[in-house]
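A.B. asks: I'd like to ask you about the structure that follows.
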Amino acid sequence: MEGKRYIIIHFWPTYGGFHKRIEMLIDVLRKKSTVERIKTPVAFVRFLMKRSQPEKSVYVLIYTSLMAPFILALRLLRPSLPIYYMVRGDEVTYVKHANRHFRAFVAVAFQRLMNALGCHFVFASEDLRVLFEKRLGKARKSHVLPNTIGKRLPDIKSFDGRVALVGDFDSIKAIERTIKRLSSGKFEVHLYGNRSLPEKWQRSWLHVHGVVNDLSLCLRTDCSLVILQDSSAGFPNVIVEALEAGCGVMVHREFPFQYLPINDKWRFSLNSSNKNSYKSKNEHESNLESVLDRLLQERRDFKQGNQELIQLIESDWEERVWQVFS
């Protein structure tokens, strides 16, 4: 792979875990190749017209469907360049949540175009690949590149009643729905990442920390289990951060966690009447609370019960990157 050149085209600023993953990818690629970032349309036009290196040695990476018109121009002028569309989450669900339905229509249309143009789709999870192929049909070229760390995880604490939620109010993270499901107040709940606390969601058992500099450190100190109720992420970075902090993870059974290799003992149903749900002894308990009660009573070993997930997270990120870009 010596002598290859990777062009990362991203016109919009990146934040948080998304920014961290781009930087991690760049660090790996730079070990064997040259990496260039294109951040403006003007810089893209210059690249489009430049042919200083054989095209078989150049790889193009993009991170949003909005790049489709630029990729069409690239295909017309430089048809042999391999192009990788890094799908880290579901744009369509995200913009629909904000009632941007035309933007959702555009996203699907542009994703169809990129599939027709022969772009490589690099999904953060198998859930994303399945979802996209339901919408678009079979991806012509696809890969899965999950968020892994390439090192051994620490011991995971048994659940002791301290729960963490990560996200802001009125967002795709569904924080309000989770707080409502924990309404009995029997668990100590810590919220991170919020920028406000609406008065209607103030609870004596809800400890609100806002945006924190080191989430893993806070989780290690305050919690033993992180609950994820997201409906658009691909492979949330908070899964890795939670496990690195020695906390277990609980997820629901639907997208984006349906194909995540996590034992059913650490899952709950978005629909508490689901026939596969654990039955609650108290009719006022949500399914989420009944699963938490069971974990609290049984003191299960998260690592022992989720070996496939642990092995996935501990697998070598760098090796997985080169498998995709070989």
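We label chains A, B, ... in the order they appear in the structure tokens, count residues from 1 in each chain, and number ligands from 1 in the order shown.
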Mind running segment 127-220 of chain A against segment 96-114 of chain A at 10 Å and telling me each contacting residue's nearest atom pair with the distance in Å (one decimal), counting only C-alpha atoms, chain and number ascending, as a Markdown table?
C.D. replies:
| residue | atom | partner | partner_atom | distance |
| --- | --- | --- | --- | --- |
| A:Phe132 | CA | A:Gln111 | CA | 8.8 |
| A:Arg135 | CA | A:Val108 | CA | 7.9 |
| A:Leu136 | CA | A:Arg112 | CA | 6.0 |
| A:Gly137 | CA | A:Arg112 | CA | 8.8 |
| A:Ala139 | CA | A:Arg112 | CA | 9.3 |
| A:Arg140 | CA | A:Met114 | CA | 10.0 |
| A:Asp170 | CA | A:Ala98 | CA | 9.4 |
| A:Ser171 | CA | A:His97 | CA | 7.8 |
| A:Ile172 | CA | A:His97 | CA | 6.6 |
A.B. asks: Keeping only C-alpha atoms, take the residues you just selected and write them out as a tab-separated table (two decimals), in the first residue's frame.
C.D. replies:
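What follows is the written file out.tsv:
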chain	number	residue	atom	x	y	z
A	132	PHE	CA	-29.49	0.81	3.65
A	135	ARG	CA	-33.98	1.23	1.19
A	136	LEU	CA	-31.60	1.14	-1.76
A	137	GLY	CA	-31.35	-2.49	-2.76
A	139	ALA	CA	-25.05	-2.30	-2.22
A	140	ARG	CA	-22.71	-2.93	-5.16
A	170	ASP	CA	-35.27	17.11	22.29
A	171	SER	CA	-32.79	15.06	20.26
A	172	ILE	CA	-32.57	11.75	18.46
A.B. asks: Neighbouring residues of Glu36 of chain A were defined as those with any atom within 10 Å, considering only C-alpha atoms; residues of the same chain fewer than 4 positions away were excluded. Please report them as a VMD selection string.
C.D. replies: chain A and resid 5 to 9 26 30 60
A.B. asks: Would you kindly return, as JSON, numbers by chain, each protein, DNA or RNA residue with an atom no farther than 8 Å from any atom of Leu288 of chain A, considering only C-alpha atoms and excluding same-chain residues fewer than 4 positions away?
C.D. replies: {"A": [181, 182, 268, 269, 272, 292]}
A.B. asks: Please, could you write that set of residues out with C-alpha atoms as a PDB file, in the first residue's frame?
C.D. replies:
ATOM      1  CA  ARG A 181     -39.405   4.735  31.563  1.00  0.00           C
ATOM      2  CA  LEU A 182     -37.373   5.104  34.775  1.00  0.00           C
ATOM      3  CA  PHE A 268     -35.050  -4.124  26.562  1.00  0.00           C
ATOM      4  CA  SER A 269     -38.013  -3.602  24.266  1.00  0.00           C
ATOM      5  CA  SER A 272     -42.997  -3.083  26.484  1.00  0.00           C
ATOM      6  CA  LEU A 292     -32.811  -3.482  35.320  1.00  0.00           C
TER       7      LEU A 292
END
A.B. asks: With only C-alpha atoms as the basis for distance, which of A:Lys134, A:Arg203, A:Arg21, A:His252 is at the shortest distance from Ser184 of chain A?
C.D. replies: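 Answer, going by the shortest atom-to-atom distance: A:Arg203.
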A.B. asks: Between atom CA of Glu244 of chain A and atom CA of Gly305 of chain A, what is the spacing in Å?
C.D. replies: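 These atoms are spaced 16.8 Å apart.
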A.B. asks: At a cut-off of 9 Å, using only C-alpha atoms, what residues contact Arg220 of chain A? Leave out same-chain residues fewer than 3 positions from it and give the result as a list in words.
C.D. replies: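 Neighbouring residues, sequence-local ones excluded: Leu215, Ser216, Leu217, Cys223, Ser224, Ala242, Glu244, Ala245, Gly246 and Cys247 of chain A.
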A.B. asks: Quick one: everything within 12 Å of Trp322 of chain A, counting only C-alpha atoms, minus sequence neighbours fewer than 2 positions away in the same chain. Send it as a ChimeraX atom specification.
C.D. replies: /A:1,25,28-33,143,145,316-320,324-326
